[in-house]
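Here is the structure we will look at.
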Amino acid sequence: MDDLLADFVAETREMLEASGGEIVAWEADPSDRARLDTIFRFVHTVKGNCGFFDFPRLEKLSHAAEDALADCRAGRREADRGLVSAVLAIIDRISEMIDSIEAGEDHPDGGDDALIAALNPHRDALGMSLDEAHKSPETPQAAAASPAEGKADAAPKAARGASVQRTIRLPTELLDEVMKGVSDMVLARNDLARRLRDAGEHPEIDGPFDRLSTILAEVRSSITRMRMQRLEHLFTSLPRLVRDLSTELGKQVMVDFEGGEVELDREMIEMVRDPLTHIIRNAIDHGLEGPGERIKSGKHEIGLLKFAARQSGNQITLAISDDGRGIDADRLAAKAVTAGIYSQAEIDEMSDRRKHHLIFEPGLSTAEKVSSVSGRGVGMDVVRANIERVGGSIDVTTKPGEGTSFHLKLPLTLSIIAALTVGSGGQRYAIPRSYVEEIVFGSSDHVDFAEAGDRRLVTFRGKRVPCLALGEILGSEGPGSVDWASMTLVLIRLASNDVFALAVDRVYDHEDVVVKPIAPAIMETGLYAGTTLLDDGRPMMLLDLPSIAQTHRLVDEMRSVARTLPEDEQTEQRKARPVMLFTGLDGRRRAVRLELVRRIDTISREAIDIEGSRKQAVIDGAIFSLLGLEYGELPDKRCRLLRLSDGEHEVVYAVSEVLDAADMEGEIVPSSADPAVEGVTLIGGEPVPVIDGHGLFAAQGTARKAGRTASCRLPANSDWARTILEPLVEAAGYRVSTEAEEQTDVAIELVDDDSPMASPARHVIRLRPEPAPAENDDESIYRYDREALLNALKRARVGKTA
Amino acid sequence: MNDLLLMCLIAGRRAAISAARVQSVIEIDQITPIPGAPDFILGLTAMRSQALTVIDCQIALGFGGQDRGSGRRAAVVQVGGHSYALLVEEAYDVGEARSDPIEVPGGFGPGWQMAARGMVETDCGPTLLIDVDALVAGPVARAA
């Protein structure tokens, strides 16, 4: 059942139970004003909630009861026994309907009107009680109403009760307490595990201990689930909001979500809903420009609103970014002066960043005119106050003409996070894994270090990113004493999309850690977000990467560095068609087109599962198809994997070593002997086989999905299209749709298929069943001409982006 | 006044911590240093699968860099929901306070004055009663 609906049912039930006593008391004394108020509140709330759902009958009933009770409250009517019975009958009916809603059934029709009619005061004047109304021949449907129906319903209702998932509400403090107990239990177990290891093998103890560990792990995960809710729940409600707002304001907005799997305390989700809504309103209303203005300034006419969530230690970072016009610092400053918040002299001394923060000052609005959705005096100051009230913080970064990002940091009451443990200066530190983009060895040939002023930069895969040595950050190593080539680089991507490289002595392992808060004096260093215990019982610090990036001013700097500079470089490289060189499991050199490589993973052998022809690898909790095994055996311990992506699917390809990135010097000479090889190219004067990306993905119809891409509609009623065409189209990077109504980028039609095209597509590709074209047909493609079809798809795609 | 006190030696002086605040006295064997943290925080240590912030009382009182005894004993206290291990030179026994903490004309000297709640009479003679909260806040916070 939908979560919102479940909440509605639970809330209504709770109110029903709570008002049960009130109802009885009211029945005893209809003139009791306090009871009347309680019951009025109940029907009023039910009526209000019904508005969110489509329950017209429920709404009508509660509305009628509310009206009658409102009359009593206003003194227009006396609450007498007849009214009490009528209201009670309605409340009973509401209760029955709630049961039906929870069971997902329709409540039997009929009887509502009689119940509502019973509220009518004139009935009392005529001397008719509710019971008479039921019996009355004038209202035959009433006979089928509550009493009889109630009985008929009783049996199935009891049976239903067993199948319906019952929910209870608990005070969150109790959950907190249980959760704390369980995480302490996990720590105690780790401690015990260490002692058992030290004591040597004890089969009679190890067995039960393992069982205890398994149970504890299960309990821990259920306890965590009790309070946590995936951010998706919040995200799912946003597209609708964005749609409504953008329609209202005549703008086109696309929404992008990232990190929906991040879990947050249920209560916290509710707390951020309003501030988030406000930020969205702001972004759409005055962040994003209208379509005309956007096209004029060279942007895509559809604005982009992006939500990205990440977890780091005790915090969730939620970034809401738009690609609109950005905040005009000077206009904001001028407003602040006009409003008398700051003097011109004070403003003159402010940095741009400081000026941007004026947006959080009370009494400031950047809206030129008050529109229907914003500029009504509830400003970002309220948003900030609300975020800070729940122990979070809010920050803003903006660039004129490019967009604005709001960064929300929200605390987590307790967290168990996936972490990467790294070493520096003989110590271990934990990094939240959600930040880790990639791990690169400083000694690799394709990593270059450079200096710009005092800022150390690392060039990797055509991108120049700032580089920090963990030893330097922590002050355990002096500047200049770092031997960069011996370091391992961890590429960090913050929620704000800022990237930097963190140089560490070595990377140890992935671990799930229980994060505990640290003493305020340590918190003040701005380096750590929490502490956790290693399995061997030693404490380990969890690094606060956003704060470190802030301290080293990487959050702002990155905007210019990562976006402008490397982009030119990359377009240049793309022309040269770069490939990544590696040695396969058989030790032979091969290459793969660099566009296909998303990242390089190193995982342990245990994370790979091979059974018959099924070969899969588990990375970060996701399953990927594993390829490249035909060349040899996997190494015993650490396996190097290339994660390949065609934009929509991801697979991993086992290699024994990643060599370098190189440019293809000439054309690829096609080879038909080996289907896994696209062809052979010359690199450094030597022939290197290039693996066939299309072939790889074509064979992986169900590989993991990633990102969104162009869409292609296939004929819905053709088996051939589904089994043969679909994998091919998907391998070409399209999302396949068979919905006739959907407007897609490309549509593929079969010439011999006479079903009409339902909805237009930007490009139409027609396939014919015969190799030779029919007369007057110079456009269609023979359906087994793979080359021509792929070319057509590619053309359509280029046409789309152009 | 018969408050129980944990008698210990800090910076070569006899000192006492209210026993009610002390959860236990532990022997510290391993400390994980925290680079970047203030001096008086030596690092973290684990006690029964719980991480404690280790505070060097001598440095916290402002007696930096002096020769410390070889003692590795620490009193475990809780301040503001966080657990700390107060590293002292020597931890003796629990004794009874024979008087209320009193001020001494002229004070107890720099450092001590900040973190001492006063002097108490004990069976072993006059002893300074240490204010745990002030000690944990560290020299910087107190000076500010």
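Convention: chains lettered A, B, ... in structure tokens order; per-chain residue numbering from 1; ligands numbered from 1 as shown.
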
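Those residues of chain A that fall within 7 Å of chain B when using only C-alpha atoms read Leu187, Ala188, Asp191, Leu474, Gly475, Ser476, Ala519, Ile522, Thr525, Gly537, Arg538 and Pro539 of chain A.
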
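Every protein or nucleic acid residue with an atom no more than 7 Å from range 99-111 of chain B, counting only C-alpha atoms and leaving out same-chain residues fewer than 5 positions away, appears here: Met1, Leu61, Gly62, Arg117, Gly118, Met119, Val120 and Glu121 of chain B.
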
Create the file for the chosen residues now, containing N, CA, C and O atoms and written as a PDB file, in the first residue's frame.
```
ATOM      1  N   MET B   1      30.766  17.094  55.716  1.00  0.00           N
ATOM      2  CA  MET B   1      30.827  16.663  54.325  1.00  0.00           C
ATOM      3  C   MET B   1      31.534  15.343  54.199  1.00  0.00           C
ATOM      4  O   MET B   1      32.715  15.236  54.504  1.00  0.00           O
ATOM      5  N   LEU B  61      45.421  21.434  32.354  1.00  0.00           N
ATOM      6  CA  LEU B  61      45.539  22.437  33.404  1.00  0.00           C
ATOM      7  C   LEU B  61      46.499  23.548  32.998  1.00  0.00           C
ATOM      8  O   LEU B  61      46.665  24.523  33.707  1.00  0.00           O
ATOM      9  N   GLY B  62      47.125  23.357  31.858  1.00  0.00           N
ATOM     10  CA  GLY B  62      48.021  24.406  31.391  1.00  0.00           C
ATOM     11  C   GLY B  62      49.486  24.126  31.672  1.00  0.00           C
ATOM     12  O   GLY B  62      50.344  24.959  31.394  1.00  0.00           O
ATOM     13  N   ARG B 117      37.742  23.422  42.057  1.00  0.00           N
ATOM     14  CA  ARG B 117      36.537  23.940  42.702  1.00  0.00           C
ATOM     15  C   ARG B 117      36.851  24.393  44.123  1.00  0.00           C
ATOM     16  O   ARG B 117      35.986  24.926  44.808  1.00  0.00           O
ATOM     17  N   GLY B 118      38.052  24.149  44.535  1.00  0.00           N
ATOM     18  CA  GLY B 118      38.444  24.588  45.864  1.00  0.00           C
ATOM     19  C   GLY B 118      39.292  23.526  46.547  1.00  0.00           C
ATOM     20  O   GLY B 118      39.568  22.468  45.974  1.00  0.00           O
ATOM     21  N   MET B 119      39.689  23.831  47.775  1.00  0.00           N
ATOM     22  CA  MET B 119      40.507  22.878  48.516  1.00  0.00           C
ATOM     23  C   MET B 119      39.621  22.120  49.496  1.00  0.00           C
ATOM     24  O   MET B 119      38.744  22.693  50.126  1.00  0.00           O
ATOM     25  N   VAL B 120      39.845  20.839  49.576  1.00  0.00           N
ATOM     26  CA  VAL B 120      39.107  20.061  50.590  1.00  0.00           C
ATOM     27  C   VAL B 120      40.110  19.388  51.516  1.00  0.00           C
ATOM     28  O   VAL B 120      41.230  19.056  51.118  1.00  0.00           O
ATOM     29  N   GLU B 121      39.679  19.228  52.744  1.00  0.00           N
ATOM     30  CA  GLU B 121      40.508  18.491  53.694  1.00  0.00           C
ATOM     31  C   GLU B 121      40.206  17.008  53.537  1.00  0.00           C
ATOM     32  O   GLU B 121      39.046  16.610  53.419  1.00  0.00           O
TER      33      GLU B 121
END
```

**Message:** Show me, as a PyMOL selection string, the residues that have an atom within 9 Å of Ala747 in chain A when counting only C-alpha atoms, minus same-chain residues fewer than 6 positions from it.
**Reply:** chain A and resi 711-715+760-766

**Message:** Write out as a ChimeraX atom specification the set of residues from range 601-694 of chain A that DSSP, computed on the backbone, places in helix (DSSP H, G or I).
**Reply:** /A:605-607,629-631,693-694

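Reported to one decimal place, the separation of CA of Leu305 in chain A from CA of Val255 in chain A is 4.9 Å.
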
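By only C-alpha atoms, and with residues fewer than 6 positions from range 272-289 of chain A along its chain excluded, the set lying at most 6 Å from it is Gly324, Arg325 and Val383 of chain A.
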
**Item:** Spatial neighbours of range 785-792 of chain A, 9 Å, only C-alpha atoms, chain gap at least 3 places, as a PyMOL selection string
**Value:** chain A and resi 728-729+732+765+767+771+781-782+795-797

Dump all heavy atoms for the selected residues as a PDB file, in the first residue's frame?
```pdb
ATOM      1  N   LEU A 728      19.656  -4.881 -29.247  1.00  0.00           N
ATOM      2  CA  LEU A 728      20.514  -4.117 -30.145  1.00  0.00           C
ATOM      3  C   LEU A 728      20.329  -2.621 -29.907  1.00  0.00           C
ATOM      4  O   LEU A 728      21.297  -1.862 -29.793  1.00  0.00           O
ATOM      5  CB  LEU A 728      20.135  -4.471 -31.590  1.00  0.00           C
ATOM      6  CG  LEU A 728      21.101  -4.028 -32.659  1.00  0.00           C
ATOM      7  CD1 LEU A 728      22.374  -4.851 -32.575  1.00  0.00           C
ATOM      8  CD2 LEU A 728      20.473  -4.184 -34.036  1.00  0.00           C
ATOM      9  N   VAL A 729      19.078  -2.213 -29.784  1.00  0.00           N
ATOM     10  CA  VAL A 729      18.778  -0.801 -29.575  1.00  0.00           C
ATOM     11  C   VAL A 729      19.290  -0.357 -28.212  1.00  0.00           C
ATOM     12  O   VAL A 729      19.856   0.719 -28.048  1.00  0.00           O
ATOM     13  CB  VAL A 729      17.255  -0.566 -29.700  1.00  0.00           C
ATOM     14  CG1 VAL A 729      16.895   0.839 -29.282  1.00  0.00           C
ATOM     15  CG2 VAL A 729      16.806  -0.824 -31.133  1.00  0.00           C
ATOM     16  N   ALA A 732      22.855   0.215 -28.205  1.00  0.00           N
ATOM     17  CA  ALA A 732      23.215   1.467 -28.848  1.00  0.00           C
ATOM     18  C   ALA A 732      22.956   2.654 -27.924  1.00  0.00           C
ATOM     19  O   ALA A 732      23.138   3.797 -28.315  1.00  0.00           O
ATOM     20  CB  ALA A 732      22.426   1.628 -30.145  1.00  0.00           C
ATOM     21  N   ILE A 765      12.655   5.194 -37.841  1.00  0.00           N
ATOM     22  CA  ILE A 765      13.461   4.278 -38.639  1.00  0.00           C
ATOM     23  C   ILE A 765      12.542   3.145 -39.070  1.00  0.00           C
ATOM     24  O   ILE A 765      11.832   2.571 -38.237  1.00  0.00           O
ATOM     25  CB  ILE A 765      14.642   3.726 -37.815  1.00  0.00           C
ATOM     26  CG1 ILE A 765      15.564   4.867 -37.396  1.00  0.00           C
ATOM     27  CG2 ILE A 765      15.408   2.680 -38.628  1.00  0.00           C
ATOM     28  CD1 ILE A 765      16.614   4.464 -36.397  1.00  0.00           C
ATOM     29  N   LEU A 767      12.007  -0.557 -40.826  1.00  0.00           N
ATOM     30  CA  LEU A 767      12.715  -1.798 -41.139  1.00  0.00           C
ATOM     31  C   LEU A 767      11.873  -2.646 -42.077  1.00  0.00           C
ATOM     32  O   LEU A 767      10.671  -2.789 -41.884  1.00  0.00           O
ATOM     33  CB  LEU A 767      12.999  -2.579 -39.842  1.00  0.00           C
ATOM     34  CG  LEU A 767      13.858  -1.870 -38.796  1.00  0.00           C
ATOM     35  CD1 LEU A 767      14.059  -2.774 -37.603  1.00  0.00           C
ATOM     36  CD2 LEU A 767      15.185  -1.440 -39.367  1.00  0.00           C
ATOM     37  N   PRO A 771      15.807  -8.368 -47.838  1.00  0.00           N
ATOM     38  CA  PRO A 771      17.115  -7.720 -48.016  1.00  0.00           C
ATOM     39  C   PRO A 771      17.056  -6.623 -49.085  1.00  0.00           C
ATOM     40  O   PRO A 771      17.653  -5.563 -48.923  1.00  0.00           O
ATOM     41  CB  PRO A 771      18.036  -8.843 -48.460  1.00  0.00           C
ATOM     42  CG  PRO A 771      17.384 -10.092 -48.005  1.00  0.00           C
ATOM     43  CD  PRO A 771      15.914  -9.823 -48.018  1.00  0.00           C
ATOM     44  N   ILE A 781      15.361   0.049 -43.958  1.00  0.00           N
ATOM     45  CA  ILE A 781      16.601  -0.704 -43.750  1.00  0.00           C
ATOM     46  C   ILE A 781      16.229  -2.171 -43.606  1.00  0.00           C
ATOM     47  O   ILE A 781      15.233  -2.508 -42.944  1.00  0.00           O
ATOM     48  CB  ILE A 781      17.310  -0.211 -42.468  1.00  0.00           C
ATOM     49  CG1 ILE A 781      17.698   1.264 -42.619  1.00  0.00           C
ATOM     50  CG2 ILE A 781      18.527  -1.056 -42.140  1.00  0.00           C
ATOM     51  CD1 ILE A 781      18.127   1.903 -41.320  1.00  0.00           C
ATOM     52  N   TYR A 782      17.001  -3.042 -44.214  1.00  0.00           N
ATOM     53  CA  TYR A 782      16.795  -4.483 -44.039  1.00  0.00           C
ATOM     54  C   TYR A 782      17.000  -4.810 -42.574  1.00  0.00           C
ATOM     55  O   TYR A 782      17.942  -4.342 -41.936  1.00  0.00           O
ATOM     56  CB  TYR A 782      17.802  -5.243 -44.922  1.00  0.00           C
ATOM     57  CG  TYR A 782      17.796  -6.741 -44.677  1.00  0.00           C
ATOM     58  CD1 TYR A 782      16.592  -7.435 -44.560  1.00  0.00           C
ATOM     59  CD2 TYR A 782      18.990  -7.445 -44.575  1.00  0.00           C
ATOM     60  CE1 TYR A 782      16.588  -8.794 -44.333  1.00  0.00           C
ATOM     61  CE2 TYR A 782      19.000  -8.806 -44.351  1.00  0.00           C
ATOM     62  CZ  TYR A 782      17.787  -9.485 -44.227  1.00  0.00           C
ATOM     63  OH  TYR A 782      17.786 -10.824 -44.005  1.00  0.00           O
ATOM     64  N   ARG A 795      22.784   8.253 -35.942  1.00  0.00           N
ATOM     65  CA  ARG A 795      22.454   9.525 -36.597  1.00  0.00           C
ATOM     66  C   ARG A 795      21.322  10.207 -35.845  1.00  0.00           C
ATOM     67  O   ARG A 795      21.353  11.408 -35.597  1.00  0.00           O
ATOM     68  CB  ARG A 795      22.033   9.274 -38.038  1.00  0.00           C
ATOM     69  CG  ARG A 795      23.184   9.343 -39.034  1.00  0.00           C
ATOM     70  CD  ARG A 795      22.666   9.616 -40.430  1.00  0.00           C
ATOM     71  NE  ARG A 795      21.589   8.730 -40.854  1.00  0.00           N
ATOM     72  CZ  ARG A 795      21.797   7.502 -41.353  1.00  0.00           C
ATOM     73  NH1 ARG A 795      23.026   7.041 -41.487  1.00  0.00           N
ATOM     74  NH2 ARG A 795      20.794   6.761 -41.720  1.00  0.00           N
ATOM     75  N   ALA A 796      20.332   9.423 -35.476  1.00  0.00           N
ATOM     76  CA  ALA A 796      19.179   9.968 -34.780  1.00  0.00           C
ATOM     77  C   ALA A 796      19.630  10.607 -33.468  1.00  0.00           C
ATOM     78  O   ALA A 796      19.147  11.659 -33.054  1.00  0.00           O
ATOM     79  CB  ALA A 796      18.176   8.866 -34.501  1.00  0.00           C
ATOM     80  N   ARG A 797      20.588   9.979 -32.852  1.00  0.00           N
ATOM     81  CA  ARG A 797      21.062  10.447 -31.580  1.00  0.00           C
ATOM     82  C   ARG A 797      21.836  11.741 -31.726  1.00  0.00           C
ATOM     83  O   ARG A 797      21.679  12.690 -30.962  1.00  0.00           O
ATOM     84  CB  ARG A 797      21.977   9.399 -31.004  1.00  0.00           C
ATOM     85  CG  ARG A 797      22.035   9.516 -29.548  1.00  0.00           C
ATOM     86  CD  ARG A 797      22.632   8.313 -29.020  1.00  0.00           C
ATOM     87  NE  ARG A 797      22.399   8.311 -27.604  1.00  0.00           N
ATOM     88  CZ  ARG A 797      23.101   7.584 -26.793  1.00  0.00           C
ATOM     89  NH1 ARG A 797      24.038   6.804 -27.266  1.00  0.00           N
ATOM     90  NH2 ARG A 797      22.863   7.616 -25.521  1.00  0.00           N
TER      91      ARG A 797
END
```

**Request:** Would you kindly return, as a ChimeraX atom specification, each protein, DNA or RNA residue with an atom no farther than 12 Å from any atom of Thr681 in chain A, considering only C-alpha atoms and excluding same-chain residues fewer than 5 positions away?
**Result:** /A:577-579,581,589-593,662-671,686-691

**Message:** Can you pull out the residues contacting Leu86 in chain B? Cut-off 6 Å, using only C-alpha atoms, and skip same-chain residues under 3 positions away; I want them as a ChimeraX atom specification.
**Reply:** /B:55,74-75

**Message:** Considering only strand (DSSP E or B) as DSSP defines it on the backbone, what residues of range 6-124 of chain B qualify? List them as JSON, numbers by chain.
**Reply:** {"B": [6, 7, 8, 9, 10, 13, 14, 15, 16, 17, 18, 22, 23, 24, 25, 26, 27, 32, 41, 42, 43, 44, 45, 46, 47, 50, 51, 52, 53, 54, 55, 56, 73, 74, 75, 76, 77, 78, 79, 82, 83, 84, 85, 86, 87, 88, 90, 91, 92, 93, 94, 95, 96, 102, 116, 117, 118, 119, 120, 121, 122]}
